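Okay, model.txt now, which holds compact mmCIF, C-alpha atoms:
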# COMPACT_ATOMS: atom_id res chain seq x y z
CA MET Y 1 96.85 40.59 46.84
CA GLN Y 2 97.78 41.94 50.21
CA PHE Y 3 98.36 45.54 49.05
CA ARG Y 4 96.05 48.13 47.50
CA LEU Y 5 97.94 48.42 44.23
CA GLY Y 6 95.13 48.62 41.68
CA ASN Y 7 95.87 50.32 38.41
CA ARG Y 8 97.79 53.20 39.96
CA ARG Y 9 100.88 55.14 39.09
CA PRO Y 10 103.98 53.69 40.80
CA CYS Y 11 104.40 56.79 42.99
CA ILE Y 12 100.77 56.58 44.14
CA SER Y 13 101.22 52.87 44.90
CA LEU Y 14 104.20 53.69 47.09
CA VAL Y 15 102.31 56.44 48.93
CA ALA Y 16 99.44 53.96 49.49
CA THR Y 17 101.74 51.74 51.56
CA LEU Y 18 100.76 54.00 54.47
CA GLY Y 19 97.00 53.87 54.93
CA ASP Y 20 94.53 55.65 57.16
CA ARG Y 21 96.61 58.84 57.13
CA GLY Y 22 93.73 60.79 58.68
CA THR Y 23 93.79 58.77 61.90
CA PRO Y 24 96.04 59.12 64.96
CA GLU Y 25 97.63 55.75 64.14
CA PRO Y 26 98.12 55.31 60.38
CA LEU Y 27 98.23 51.78 58.96
CA GLU Y 28 101.72 50.75 57.86
CA ARG Y 29 101.16 48.23 55.07
CA VAL Y 30 104.88 47.46 54.75
CA PRO Y 31 106.03 47.21 58.37
CA ASP Y 32 109.15 45.14 57.70
CA PRO Y 33 111.66 44.29 54.94
CA GLU Y 34 109.81 41.07 54.03
CA SER Y 35 106.54 42.88 53.36
CA LEU Y 36 108.34 45.54 51.29
CA ALA Y 37 109.98 42.76 49.25
CA CYS Y 38 106.53 41.22 48.75
CA TRP Y 39 105.16 44.63 47.68
CA CYS Y 40 107.92 44.88 45.04
CA VAL Y 41 106.82 41.54 43.58
CA GLU Y 42 103.05 42.12 43.83
CA GLY Y 43 103.51 45.55 42.27
CA ARG Y 44 105.33 43.83 39.40
CA PHE Y 45 108.50 45.86 39.88
CA LEU Y 46 110.62 42.75 40.46
CA PRO Y 47 110.05 39.08 39.58
CA LEU Y 48 111.55 37.80 42.85
CA SER Y 49 111.65 39.20 46.37
CA PRO Y 50 114.82 41.23 46.91
CA LYS Y 51 116.79 41.25 50.16
CA ILE Y 52 115.94 44.51 51.92
CA SER Y 53 117.81 45.96 54.88
CA ALA Y 54 116.53 48.20 57.67
CA PRO Y 55 118.30 51.27 56.18
CA GLU Y 56 116.60 50.56 52.84
CA MET Y 57 113.25 50.49 54.66
CA GLY Y 58 114.09 53.92 56.02
CA SER Y 59 114.96 55.15 52.52
CA MET Y 60 111.63 53.89 51.18
CA ARG Y 61 109.69 55.66 53.93
CA LEU Y 62 111.63 58.88 53.41
CA LEU Y 63 110.85 58.85 49.67
CA ARG Y 64 107.21 57.86 50.28
CA GLU Y 65 106.61 60.79 52.63
CA ALA Y 66 108.51 63.24 50.42
CA ILE Y 67 106.25 62.31 47.50
CA TYR Y 68 103.11 62.63 49.65
CA ARG Y 69 104.08 66.05 51.04
CA ALA Y 70 105.19 67.33 47.63
CA ALA Y 71 101.92 66.22 46.01
CA CYS Y 72 99.91 67.82 48.83
CA ALA Y 73 101.80 71.08 48.31
CA VAL Y 74 101.46 71.07 44.52
CA ARG Y 75 97.73 70.30 44.66
CA GLN Y 76 97.29 73.43 46.81
CA SER Y 77 99.50 75.49 44.44
CA HIS Y 78 102.27 75.73 47.06
CA LYS Y 79 105.94 74.98 46.64
CA PRO Y 80 107.06 71.66 48.10
CA PHE Y 81 109.61 71.69 50.91
CA PRO Y 82 113.18 71.91 49.57
CA GLU Y 83 114.16 68.73 51.45
CA ASP Y 84 111.31 66.81 49.77
CA ILE Y 85 112.40 68.04 46.35
CA ALA Y 86 115.99 67.05 47.15
CA THR Y 87 114.91 63.56 48.25
CA ILE Y 88 112.83 62.95 45.11
CA ASN Y 89 115.56 64.33 42.84
CA ALA Y 90 118.30 62.28 44.52
CA TRP Y 91 116.34 59.07 43.95
CA ALA Y 92 115.40 60.02 40.39
CA ALA Y 93 119.09 60.52 39.56
CA ARG Y 94 119.84 56.85 40.28
CA GLY Y 95 119.64 54.02 37.78
CA THR Y 96 116.07 52.88 37.19
CA LEU Y 97 114.33 49.77 36.03
CA VAL Y 98 114.12 49.44 32.26
CA PRO Y 99 110.88 48.31 30.64
CA GLU Y 100 111.21 45.33 28.31
CA LEU Y 101 108.47 44.21 25.91
CA THR Y 102 107.42 40.61 26.53
CA PRO Y 103 107.21 38.06 23.69
CA ASP Y 104 103.44 38.50 23.36
CA GLY Y 105 104.02 42.15 22.38
CA ARG Y 106 101.19 43.27 24.67
CA SER Y 107 102.84 43.61 28.07
CA ALA Y 108 106.13 44.59 29.61
CA ASP Y 109 108.37 43.41 32.41
CA TRP Y 110 111.08 45.34 34.18
CA LYS Y 111 114.67 44.52 33.29
CA GLY Y 112 117.65 45.54 35.35
CA GLU Y 113 119.20 45.28 38.77
CA ARG Y 114 116.94 43.23 41.05
CA THR Y 115 117.24 45.34 44.20
CA LEU Y 116 115.12 47.99 45.88
CA PHE Y 117 117.15 50.99 44.67
CA PRO Y 118 116.13 50.87 40.98
CA VAL Y 119 112.52 50.42 42.11
CA LEU Y 120 112.71 53.59 44.21
CA ALA Y 121 114.46 55.46 41.39
CA THR Y 122 111.69 54.47 38.97
CA ILE Y 123 109.07 55.60 41.48
CA ALA Y 124 110.85 58.94 42.04
CA ARG Y 125 110.88 59.59 38.28
CA ASP Y 126 107.20 58.75 38.12
CA ALA Y 127 106.58 61.24 40.95
CA ILE Y 128 108.41 63.96 39.02
CA ASP Y 129 106.29 63.16 35.97
CA MET Y 130 103.08 63.32 38.02
CA LEU Y 131 104.03 66.56 39.78
CA THR Y 132 105.07 68.34 36.59
CA ARG Y 133 102.54 67.03 34.06
CA THR Y 134 99.34 66.55 36.07
CA PRO Y 135 97.18 69.65 36.57
CA PRO Y 136 97.22 70.45 40.32
CA ALA Y 137 93.41 70.28 40.47
CA ARG Y 138 93.61 66.61 39.39
CA ILE Y 139 95.97 65.62 42.23
CA LYS Y 140 93.59 64.85 45.07
CA LEU Y 141 93.27 63.45 48.57
CA CYS Y 142 90.57 60.93 49.33
CA ALA Y 143 87.42 62.52 50.74
CA ASP Y 144 87.30 59.87 53.47
CA PRO Y 145 88.70 61.77 56.47
CA THR Y 146 90.29 58.62 57.89
CA CYS Y 147 92.00 57.68 54.62
CA ARG Y 148 93.41 60.91 53.08
CA GLY Y 149 95.03 58.75 50.39
CA LEU Y 150 96.57 60.39 47.35
CA PHE Y 151 95.17 59.81 43.87
CA VAL Y 152 95.08 61.36 40.42
CA ASP Y 153 91.56 62.13 39.23
CA GLU Y 154 91.42 61.00 35.62
CA SER Y 155 87.63 61.12 35.39
CA ARG Y 156 86.26 63.25 32.59
CA PRO Y 157 84.50 65.83 34.79
CA GLY Y 158 87.24 65.80 37.45
CA LYS Y 159 84.79 65.22 40.29
CA ARG Y 160 86.12 61.96 41.71
CA ARG Y 161 86.17 62.00 45.52
CA TRP Y 162 87.56 58.66 46.66
CA CYS Y 163 90.94 57.02 46.20
CA SER Y 164 89.00 53.81 45.58
CA MET Y 165 85.28 53.36 45.21
CA ASN Y 166 85.71 49.71 46.30
CA PHE Y 167 87.18 50.72 49.66
CA CYS Y 168 86.66 54.32 50.72
CA GLY Y 169 83.66 55.12 48.54
CA ASN Y 170 81.74 52.05 49.71
CA ARG Y 171 82.71 52.72 53.32
CA ALA Y 172 81.39 56.30 53.05
CA LYS Y 173 78.17 55.17 51.42
CA SER Y 174 77.68 52.55 54.15
CA ARG Y 175 78.15 55.19 56.85
CA THR Y 176 75.64 57.49 55.14
CA PHE Y 177 73.14 54.65 54.82
CA ALA Y 178 73.57 53.71 58.51
CA ARG Y 179 73.13 57.35 59.58
CA ARG Y 180 69.89 57.64 57.61
CA HIS Y 181 68.54 54.42 59.12
CA ARG Y 182 69.35 55.52 62.66
CA ARG Y 183 67.28 58.69 62.11
CA SER Y 184 64.22 56.74 60.95

Serialized structure, structure tokens:
Amino acid sequence: MQFRLGNRRPCISLVATLGDRGTPEPLERVPDPESLACWCVEGRFLPLSPKISAPEMGSMRLLREAIYRAACAVRQSHKPFPEDIATINAWAARGTLVPELTPDGRSADWKGERTLFPVLATIARDAIDMLTRTPPARIKLCADPTCRGLFVDESRPGKRRWCSMNFCGNRAKSRTFARRHRRS
């Protein structure tokens, strides 16, 4: 997979399409309509790549940043910006993807319109669910200062520090190890 999707909430997966938020030049993981279409398929929102226009790319980025800013505000017990709330609510009011149980009875696929808009509507509703049902102390930013990725800490003690131990956690541990070896 080309994207860091993991086992994340849909709204967190969308926010993760912009990486290295703590650097002067963040990493855009979906720089063009083709990569966003690929993300929709790899994220299992759609079975086939949809046609995506430049204005739709702009809509995705607007929603992505509204979710990120709103989550950052809520985690600090602040009110999100009214324009971010309006963006999330406007997308959530649209028609969403509908889950459909597969024949094996153990998984689900999305049924519905095969375009970007229902995907974004589904993600906006997931963001509302996260912002209203997740305790603010469990909505966190990655401790890696270059990453600053958003995640929900579902660990029992609530002490998770990294958005992903495989990426940011290992990178931090490698830096600590290298620092210790330079001193010796």

**Asked** Please, what distance in Å, to one decimal, runs between atom CA of Y:Glu56 and atom CA of Y:Ala73?
**Response** 25.7 Å

**Atomic distance atom CA of Y:Asn89 - atom CA of Y:Arg9, expressed in Å with one decimal** = 17.7 Å

Just want the 9 Å neighbourhood of stretch 156-165 of chain Y, counted on only C-alpha atoms, with same-chain residues fewer than 5 positions away dropped. Output as a PDB file with C-alpha atoms, keeping the file's coordinate frame.
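As written to disk, result16.pdb reads:
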ATOM      1  CA  GLY Y   6      95.130  48.620  41.680  1.00  0.00           C
ATOM      2  CA  ALA Y 137      93.410  70.280  40.470  1.00  0.00           C
ATOM      3  CA  ARG Y 138      93.610  66.610  39.390  1.00  0.00           C
ATOM      4  CA  LYS Y 140      93.590  64.850  45.070  1.00  0.00           C
ATOM      5  CA  LEU Y 141      93.270  63.450  48.570  1.00  0.00           C
ATOM      6  CA  CYS Y 142      90.570  60.930  49.330  1.00  0.00           C
ATOM      7  CA  ALA Y 143      87.420  62.520  50.740  1.00  0.00           C
ATOM      8  CA  ASP Y 144      87.300  59.870  53.470  1.00  0.00           C
ATOM      9  CA  CYS Y 147      92.000  57.680  54.620  1.00  0.00           C
ATOM     10  CA  ARG Y 148      93.410  60.910  53.080  1.00  0.00           C
ATOM     11  CA  GLY Y 149      95.030  58.750  50.390  1.00  0.00           C
ATOM     12  CA  LEU Y 150      96.570  60.390  47.350  1.00  0.00           C
ATOM     13  CA  PHE Y 151      95.170  59.810  43.870  1.00  0.00           C
ATOM     14  CA  ASN Y 170      81.740  52.050  49.710  1.00  0.00           C
ATOM     15  CA  ARG Y 171      82.710  52.720  53.320  1.00  0.00           C
TER      16      ARG Y 171
END

**Complete:** Of Y:Pro31, Y:Gly19, Y:Pro135, Y:Gly95, the one sitting nearest Y:Leu120 when using all atoms listed in the file is Y:Gly95

**Asked** Using all atoms listed in the file, which of the listed residues (Y:Thr96, Y:Ser59, Y:Ser53, Y:Thr146) sits closest to Y:Asp126?
**Response** Y:Thr96

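Between atom CA of Y:Ser35 and atom CA of Y:Phe3 lies a distance of 9.6 Å.
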